[in-house]
Structure formats: structure tokens, C-alpha cells
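*Asks:* So here's query.cif, just mmCIF, C-alpha atoms:
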```cif
data_start
#
loop_
_atom_site.label_atom_id
_atom_site.label_comp_id
_atom_site.auth_asym_id
_atom_site.auth_seq_id
_atom_site.Cartn_x
_atom_site.Cartn_y
_atom_site.Cartn_z
CA ARG A 27 92.81 90.19 114.82
CA ILE A 28 95.79 89.92 112.48
CA ARG A 29 94.95 87.83 109.47
CA ASP A 30 97.13 84.97 108.30
CA ALA A 31 98.87 86.33 105.20
CA ARG A 32 99.44 82.81 103.88
CA ALA A 33 95.70 82.29 103.58
CA MET A 34 94.92 85.59 101.92
CA PRO A 35 93.69 85.61 98.31
CA PRO A 36 95.32 88.03 95.86
CA THR A 37 94.07 91.53 96.55
CA ARG A 38 92.27 93.02 93.57
CA ALA A 39 94.14 95.95 92.08
CA GLY A 40 92.51 99.20 93.04
CA GLY A 41 90.55 97.73 95.95
CA GLU A 42 90.47 99.20 99.42
CA VAL A 43 93.63 98.26 101.26
CA ASP A 44 93.26 96.14 104.38
CA HIS A 45 95.31 97.76 107.14
CA VAL A 46 94.64 94.99 109.64
CA ALA A 47 96.19 92.30 107.41
CA SER A 48 99.76 91.32 108.18
CA ALA A 49 100.51 91.14 104.45
CA ILE A 50 99.02 91.98 101.08
CA GLN A 51 99.22 89.77 98.01
CA PHE A 52 99.33 91.15 94.47
CA ALA A 53 98.85 88.91 91.43
CA HIS A 54 98.97 89.69 87.72
CA ILE A 55 99.45 87.58 84.61
CA ALA A 56 102.68 89.45 83.88
CA LEU A 57 104.13 88.02 87.10
CA GLY A 58 103.36 84.46 86.07
CA SER A 59 102.54 82.00 88.80
CA SER A 60 104.46 83.89 91.50
CA PRO A 61 102.40 86.71 93.01
CA VAL A 62 104.10 89.42 95.00
CA LEU A 63 103.62 89.37 98.77
CA VAL A 64 104.39 92.46 100.82
CA LYS A 65 104.17 92.59 104.57
CA GLN A 66 102.69 95.46 106.51
CA SER A 67 103.80 96.54 109.96
CA LEU A 68 101.07 96.27 112.59
CA GLU A 69 103.28 97.19 115.52
CA PRO A 70 102.09 100.16 117.60
CA VAL A 71 103.75 103.44 116.68
CA ALA A 72 105.26 105.20 119.66
CA ASP A 73 105.96 108.86 120.33
CA GLY A 74 103.39 110.15 117.88
CA ARG A 75 105.37 109.03 114.84
CA ASP A 76 103.72 108.94 111.42
CA ALA A 77 102.59 105.38 110.64
CA THR A 78 101.92 105.85 106.93
CA ALA A 79 105.15 104.09 105.92
CA ARG A 80 103.91 100.88 107.56
CA TRP A 81 100.99 100.16 105.18
CA VAL A 82 100.19 99.63 101.53
CA TRP A 83 98.03 102.50 100.24
CA ASN A 84 95.31 102.43 97.60
CA GLY A 85 97.40 104.02 94.86
CA ALA A 86 99.96 101.22 95.00
CA PHE A 87 97.61 98.70 93.37
CA PRO A 88 96.80 100.61 90.17
CA HIS A 89 100.41 101.76 90.02
CA ALA A 90 101.68 98.17 90.20
CA THR A 91 99.00 97.08 87.74
CA SER A 92 100.10 99.76 85.27
CA LEU A 93 103.68 98.48 85.47
CA CYS A 94 102.45 94.96 84.77
CA GLU A 95 100.41 96.16 81.81
CA HIS A 96 103.46 98.03 80.47
CA PRO A 97 106.54 96.11 81.68
CA GLU A 98 108.66 98.02 79.17
CA TYR A 99 108.47 100.95 81.61
CA VAL A 100 110.84 99.15 83.97
CA LYS A 101 112.38 96.13 82.20
CA ASN A 102 116.16 96.59 82.04
CA LYS A 103 115.75 100.07 83.58
CA THR A 104 117.04 101.58 86.80
CA VAL A 105 114.15 102.31 89.18
CA VAL A 106 113.85 104.17 92.47
CA GLU A 107 110.70 104.39 94.59
CA LEU A 108 110.27 107.42 96.86
CA GLY A 109 108.38 107.06 100.13
CA ALA A 110 108.19 103.35 99.39
CA GLY A 111 106.75 102.08 102.67
CA PRO A 112 106.21 98.35 102.06
CA GLY A 113 107.36 98.96 98.47
CA LEU A 114 104.73 97.18 96.37
CA PRO A 115 105.34 99.03 93.05
CA GLY A 116 109.10 98.81 93.46
CA VAL A 117 108.98 95.10 94.26
CA VAL A 118 106.79 94.55 91.20
CA ALA A 119 109.32 96.48 89.10
CA GLY A 120 112.02 94.12 90.35
CA LYS A 121 109.94 91.08 89.45
CA LEU A 122 109.33 92.54 85.97
CA GLY A 123 113.06 92.60 85.24
CA ALA A 124 114.31 96.05 86.24
CA LYS A 125 118.09 96.30 86.03
CA ARG A 126 118.28 97.95 89.44
CA VAL A 127 115.64 98.84 92.04
CA VAL A 128 116.14 101.00 95.12
CA LEU A 129 113.30 101.35 97.62
CA THR A 130 113.70 104.52 99.66
CA ASP A 131 112.06 105.95 102.74
CA LEU A 132 113.05 107.68 105.95
CA PRO A 133 116.18 106.20 107.57
CA ASP A 134 114.20 104.50 110.37
CA GLU A 135 111.63 102.94 107.99
CA LEU A 136 113.87 100.69 105.89
CA GLU A 137 113.49 97.36 107.68
CA LEU A 138 110.02 96.71 106.22
CA PRO A 139 110.86 97.29 102.51
CA LEU A 140 114.11 95.34 102.86
CA GLY A 141 112.18 92.41 104.30
CA ASN A 142 109.72 92.59 101.42
CA LEU A 143 112.54 92.45 98.86
CA ARG A 144 113.81 89.33 100.60
CA VAL A 145 110.37 87.70 100.86
CA ASN A 146 110.07 88.06 97.09
CA GLY A 147 113.53 86.70 96.32
CA LEU A 148 114.97 90.06 95.25
CA ASN A 149 117.61 90.51 97.94
CA ASP A 150 119.78 87.77 99.40
CA ASP A 151 120.09 88.37 103.13
CA GLY A 152 123.41 86.53 103.07
CA GLY A 153 124.93 88.74 100.39
CA ASP A 154 126.63 92.10 100.20
CA VAL A 155 123.83 94.68 99.98
CA VAL A 156 126.07 96.95 97.89
CA GLU A 157 126.06 94.34 95.15
CA GLN A 158 122.34 93.58 95.29
CA ARG A 159 120.24 94.33 92.20
CA CYS A 160 117.40 95.38 94.52
CA SER A 161 118.15 97.25 97.74
CA VAL A 162 116.93 99.91 100.16
CA GLU A 163 118.44 103.30 100.92
CA PRO A 164 117.44 106.28 103.06
CA CYS A 165 116.07 109.25 101.16
CA THR A 166 114.66 112.12 103.16
CA TRP A 167 113.09 114.43 100.61
CA GLY A 168 115.23 117.51 100.06
CA VAL A 169 118.34 116.15 101.84
CA LYS A 170 121.08 116.60 99.25
CA SER A 171 123.59 114.16 100.74
CA GLU A 172 121.10 111.27 100.60
CA ILE A 173 119.91 112.21 97.11
CA ASP A 174 123.43 112.53 95.71
CA LYS A 175 124.37 109.12 97.08
CA LEU A 176 121.53 107.49 95.14
CA GLY A 177 122.53 108.87 91.73
CA LYS A 178 120.27 109.05 88.66
CA PHE A 179 117.48 106.69 87.55
CA ASP A 180 115.51 105.92 84.43
CA ILE A 181 112.27 105.67 86.42
CA VAL A 182 111.22 107.41 89.65
CA LEU A 183 108.11 105.87 91.24
CA CYS A 184 105.91 108.04 93.46
CA SER A 185 102.98 105.96 94.62
CA ASP A 186 100.33 107.64 96.76
CA VAL A 187 102.94 109.66 98.63
CA LEU A 188 100.93 112.90 98.82
CA TYR A 189 98.53 113.32 101.73
CA GLY A 190 98.39 116.92 102.89
CA HIS A 191 102.07 117.56 103.58
CA HIS A 192 103.32 120.95 104.65
CA GLU A 193 104.24 123.04 101.62
CA ASN A 194 107.99 122.71 102.14
CA VAL A 195 107.73 118.91 102.26
CA ALA A 196 105.56 118.74 99.13
CA VAL A 197 108.00 120.95 97.22
CA ALA A 198 110.95 118.90 98.49
CA LEU A 199 109.28 115.76 97.11
CA ALA A 200 109.03 117.30 93.63
CA GLN A 201 112.62 118.54 93.82
CA THR A 202 113.87 115.15 94.96
CA ALA A 203 112.05 113.32 92.15
CA HIS A 204 113.53 115.76 89.63
CA ALA A 205 117.03 115.40 91.05
CA LEU A 206 116.86 111.60 90.77
CA CYS A 207 115.61 111.57 87.16
CA ALA A 208 118.19 110.86 84.50
CA VAL A 209 118.19 113.24 81.52
CA ASP A 210 115.83 110.93 79.66
CA GLY A 211 114.20 109.62 82.82
CA ARG A 212 110.57 109.73 83.90
CA MET A 213 108.62 110.12 87.11
CA LEU A 214 105.55 107.89 87.31
CA LEU A 215 103.03 109.25 89.82
CA SER A 216 99.86 107.68 91.20
CA TYR A 217 97.65 109.98 93.23
CA PHE A 218 94.12 110.12 94.62
CA PRO A 219 93.12 113.78 95.17
CA ARG A 220 91.00 112.94 98.25
CA GLU A 221 89.94 115.92 100.33
CA LYS A 222 93.40 117.50 100.62
CA LEU A 223 94.12 118.49 97.03
CA GLU A 224 94.53 122.14 97.98
CA PHE A 225 97.28 121.18 100.44
CA ASP A 226 99.03 119.05 97.80
CA GLN A 227 98.91 121.81 95.19
CA PRO A 228 102.45 123.07 96.02
CA PHE A 229 103.79 119.73 94.77
CA PHE A 230 102.04 120.11 91.44
CA ASN A 231 103.10 123.75 91.20
CA ALA A 232 106.72 122.69 91.69
CA CYS A 233 106.29 119.96 89.08
CA ASP A 234 105.09 122.61 86.62
CA VAL A 235 108.47 124.30 87.00
CA LEU A 236 110.67 121.20 87.02
CA PHE A 237 108.92 118.88 84.57
CA GLU A 238 107.23 119.04 81.19
CA ASP A 239 103.43 118.86 81.17
CA PRO A 240 102.37 115.46 82.53
CA THR A 241 101.04 112.71 80.29
CA PRO A 242 98.02 110.89 81.73
CA ARG A 243 98.38 107.11 81.66
CA ASN A 244 95.58 104.57 81.62
CA VAL A 245 95.36 101.36 83.58
CA ASP A 246 92.89 98.69 82.50
CA GLY A 247 92.93 96.28 85.41
CA VAL A 248 91.00 98.43 87.86
CA SER A 249 87.36 99.37 88.32
CA GLU A 250 85.74 102.29 86.51
CA GLU A 251 85.40 104.04 89.85
CA ILE A 252 89.14 103.84 90.44
CA LYS A 253 89.86 105.03 86.88
CA HIS A 254 87.63 108.03 87.52
CA ASP A 255 89.34 108.99 90.78
CA LEU A 256 92.95 108.07 90.03
CA TRP A 257 95.57 110.44 88.66
CA LEU A 258 98.26 108.34 86.97
CA PHE A 259 100.76 110.71 85.39
CA GLU A 260 104.08 110.42 83.59
CA TYR A 261 106.42 113.38 84.02
CA ARG A 262 109.59 114.04 82.02
CA PRO A 263 112.14 116.46 83.51
CA LYS A 264 112.77 119.76 81.77
CA ARG A 265 116.29 120.07 80.44
CA GLY A 266 118.58 122.67 81.96
CA ILE A 267 116.46 123.20 85.05
CA LEU A 268 118.12 123.26 88.47
CA GLY A 269 115.78 121.62 90.94
CA GLY A 270 116.89 123.39 94.09
CA VAL A 271 118.28 120.28 95.87
#
```
For the structure just supplied, provide its representation as C-alpha cells.
*Replies:*
Amino acid sequence: RIRDARAMPPTRAGGEVDHVASAIQFAHIALGSSPVLVKQSLEPVADGRDATARWVWNGAFPHATSLCEHPEYVKNKTVVELGAGPGLPGVVAGKLGAKRVVLTDLPDELELPLGNLRVNGLNDDGGDVVEQRCSVEPCTWGVKSEIDKLGKFDIVLCSDVLYGHHENVAVALAQTAHALCAVDGRMLLSYFPREKLEFDQPFFNACDVLFEDPTPRNVDGVSEEIKHDLWLFEYRPKRGILGGV
């Protein structure tokens, strides 16, 4: 049974995500009295399509919490989220005062994040999307035309987007994140190794080439268990490196 999102309490950062809830609520003192609400898509997925873009994943909560604990990461910055799905971290960045936020995903998965921007008052459905401070755009990892259209960003958010991709897809993700980083930009990655770390290794190998050594970041508002399991890294792009996109 689909739960009534209006009756749901704020979901604790770092908790197990409820994939039968129609929406997830995220609250933090940095957001004041207006928690973020993001909807999930519970519609059946036809033709064997990947449904991962329809749900909030566990890494989104500590990632969003980290942004709330350090709003200077995104305040007055340009922010893009890759593989956004419902877009929780990106929506939180918008609420924390980012200058510009773009939620990206595959071209046929943009309706959900756009709706979540509107639910949270970050995109006026009566306005010109081109002029919106927060918007959605297609970004298929490794597709140069879509990447070039987006431009460069101060912050690239990658929240729980690795889950045993084929090597070429994992490498394309790293290359895309690098291509979108401004010269002084940063990629902020949240990742749970799970059982498929060996399959995700090509992403980290590509990051070793494209980025400086990652800086681990701490997040206080999660359980000790989550802190133990979570990889929350900040990557800065190497200068003079061509990313291959």
C-alpha cells in the first residue's frame, strides 16, 4: 500500500529508504521550518527498464545532511547533480541558497526531479524554464553534446550513483563529472561500497587519473554504522587533464 506522504514524519538521515512510500521528507535545522519533500515514482516499469532513477537511495540522506552541515559548499555556487533521480541532494542545495542548480538524469527520467523542484518552490511551472534558478536537463554520461550544453559548475554532486555499472559506464561517469567541474570546482561523492565494489573500481581508477587524491568528509547527523560504511569524498579536478569526453 502506498503511504500518504503528507502524514510521513521526517526521514532520519542515513536511515533505510522506504521504496513503498510515495514521498520522502528530509528535515534539518539548516532548512528552518520548511523540510524538503521529494516524491518517488511507484509506477510499474515496463520493458525491463532500470527503475533506480525512481527512488531515493541511502546515500542521498548523508549527502544532503553534509550539505546542511556545511552550507558554504553550495551557497551562492553553481551546482549540478548527476544521476539525480528524485534529486534530494540537489533540491537541498537549492534550498540552501545555491546560485544555480541543475538536476540531471537520462532524457526520459526528468519529469520526477522537475516535479520535486516545483513541490519545493524552486521552479515556477508557469515560468520560462531557461530563466529558472533551478532546472532539469538531460545528461547521459559520456554524451558530449549534452555535457557541453550544461557548461561548468562549482559543485558536481554524485549521490549513490554507483551500483555495479559496466566498466564503460563507470568510466563515463567519472569523465562526465570531470568535464562539468569548473577549474576550481569540486565533485562531492557519496558511496556505499556494498557487495559490488570490484565492479565500481573502474570509476575510482578513472578518478585517480582525472582528479587529485580525494579528501574524506565527515557528516555528524548520521549513525555510527552509517559513518563506518559511507564513503563521502571531495574530489578536485587535476589541471591540464583532458577527460576524454
*Asks:* Quick one: apply the PyMOL selection byres ((chain A and resi 54) around 10) to the file and drop the selected residues here as a list in words.
*Replies:*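 Applied to this file, the PyMOL selection byres ((chain A and resi 54) around 10) returns Pro36, Arg38, Ala39, Phe52, Ala53, Ile55, Ala56, Leu57, Gly58, Ser59, Ser60, Pro61, Val62, Ala90, Thr91, Cys94, Glu95, Val118 and Gly247 of chain A.
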*Asks:* Take the PyMOL selection byres ((chain A and resi 100) around 9), apply it to the structure above, and return the hits as a PDB file with C-alpha atoms, in the coordinates of the input.
*Replies:*
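This is the output file out00.pdb:
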```pdb
ATOM      1  CA  LEU A  93     103.680  98.480  85.470  1.00  0.00           C
ATOM      2  CA  HIS A  96     103.460  98.030  80.470  1.00  0.00           C
ATOM      3  CA  PRO A  97     106.540  96.110  81.680  1.00  0.00           C
ATOM      4  CA  GLU A  98     108.660  98.020  79.170  1.00  0.00           C
ATOM      5  CA  TYR A  99     108.470 100.950  81.610  1.00  0.00           C
ATOM      6  CA  LYS A 101     112.380  96.130  82.200  1.00  0.00           C
ATOM      7  CA  ASN A 102     116.160  96.590  82.040  1.00  0.00           C
ATOM      8  CA  LYS A 103     115.750 100.070  83.580  1.00  0.00           C
ATOM      9  CA  THR A 104     117.040 101.580  86.800  1.00  0.00           C
ATOM     10  CA  VAL A 105     114.150 102.310  89.180  1.00  0.00           C
ATOM     11  CA  ALA A 119     109.320  96.480  89.100  1.00  0.00           C
ATOM     12  CA  GLY A 120     112.020  94.120  90.350  1.00  0.00           C
ATOM     13  CA  LEU A 122     109.330  92.540  85.970  1.00  0.00           C
ATOM     14  CA  GLY A 123     113.060  92.600  85.240  1.00  0.00           C
ATOM     15  CA  ALA A 124     114.310  96.050  86.240  1.00  0.00           C
ATOM     16  CA  LYS A 125     118.090  96.300  86.030  1.00  0.00           C
ATOM     17  CA  ASP A 180     115.510 105.920  84.430  1.00  0.00           C
ATOM     18  CA  ILE A 181     112.270 105.670  86.420  1.00  0.00           C
TER      19      ILE A 181
END
```
*Asks:* Under the rule that all atoms listed in the file are counted, which of A:Met213, A:Val271, A:Ala79, A:Ala200 is the nearest residue to Ile173 of chain A?
*Replies:*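 Residue with the minimum atom-to-atom distance to Ile173 of chain A: A:Val271.
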*Asks:* Kindly compute an axis-aligned box around the listed atoms of segment 164-179 of chain A, allowing 3 Å on each side, and express its centre and edge lengths in Å to one decimal as lines of an AutoDock Vina configuration file.
*Replies:*
```
center_x = 118.7
center_y = 111.9
center_z = 95.4
size_x = 17.3
size_y = 17.2
size_z = 21.6
```
*Asks:* So which one's closest to Leu223 of chain A, A:Leu188, A:Cys207, A:Leu258, A:Ala86? Using all atoms listed in the file, please.
*Replies:*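 Of A:Leu188, A:Cys207, A:Leu258, A:Ala86, the one nearest Leu223 of chain A, counting all atoms listed in the file, is A:Leu188.
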*Asks:* On this structure, the PyMOL selection byres ((chain A and resi 254) around 12) would catch which residues? List them as a list in words, sorted by chain and number.
*Replies:*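 Evaluating the PyMOL selection byres ((chain A and resi 254) around 12) on this file yields Gly40, Tyr217, Phe218, Pro219, Asn244, Val245, Asp246, Val248, Ser249, Glu250, Glu251, Ile252, Lys253, Asp255, Leu256, Trp257 and Leu258 of chain A.
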*Asks:* Just the number, please: distance in Å from atom CA of Leu148 of chain A to atom CA of Phe259 of chain A, one decimal.
*Replies:*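 About the pair atom CA of Leu148 of chain A and atom CA of Phe259 of chain A: they are 26.9 Å apart.
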*Asks:* Rank A:Lys222, A:Arg159, A:Arg212, A:His204 by their smallest atom-to-atom distance to Gly190 of chain A, using all atoms listed in the file, and report the top residue only.
*Replies:*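 Comparing A:Lys222, A:Arg159, A:Arg212, A:His204 against Gly190 of chain A, the winner is A:Lys222.
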*Asks:* Considering all atoms listed in the file, can you say which of A:Val195, A:Ala77, A:Ala47, A:Leu206 comes closest to Val128 of chain A?
*Replies:*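 For Val128 of chain A, the nearest of the candidates is A:Leu206.
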*Asks:* Name all residues at most 10 Å from Val235 of chain A (count only C-alpha atoms; drop same-chain ones fewer than 6 positions away) and give them as an MDAnalysis selection string.
*Replies:* chainID A and resid 200:201 263:264 267:269
*Asks:* For atom CA of Thr202 of chain A and atom CA of Thr166 of chain A, determine how far apart the two atoms are, in Å to one decimal place.
*Replies:* 8.8 Å
*Asks:* Just how far from atom CA of Gly141 of chain A is atom CA of Ile50 of chain A, in Å to one decimal?
*Replies:*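 Computing it gives 13.6 Å between the two atoms.
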*Asks:* Which one is closest to Trp81 of chain A: A:Asp150, A:Glu107, A:Glu224, A:Glu69? Count all atoms listed in the file.
*Replies:*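 Result for the nearest residue to Trp81 of chain A: A:Glu69.
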*Asks:* Between A:Lys121, A:His89, A:Arg220, A:Arg80, which is the closest to Glu137 of chain A once you count all atoms listed in the file?
*Replies:*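 Looking at the shortest contact to Glu137 of chain A, the residue is A:Arg80.
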*Asks:* List the neighbours of His45 of chain A out to 10 Å using only C-alpha atoms; skip same-chain residues closer than 6 positions along the sequence, and give me the result as a PyMOL selection string.
*Replies:* chain A and resi 28+66-68+80-83
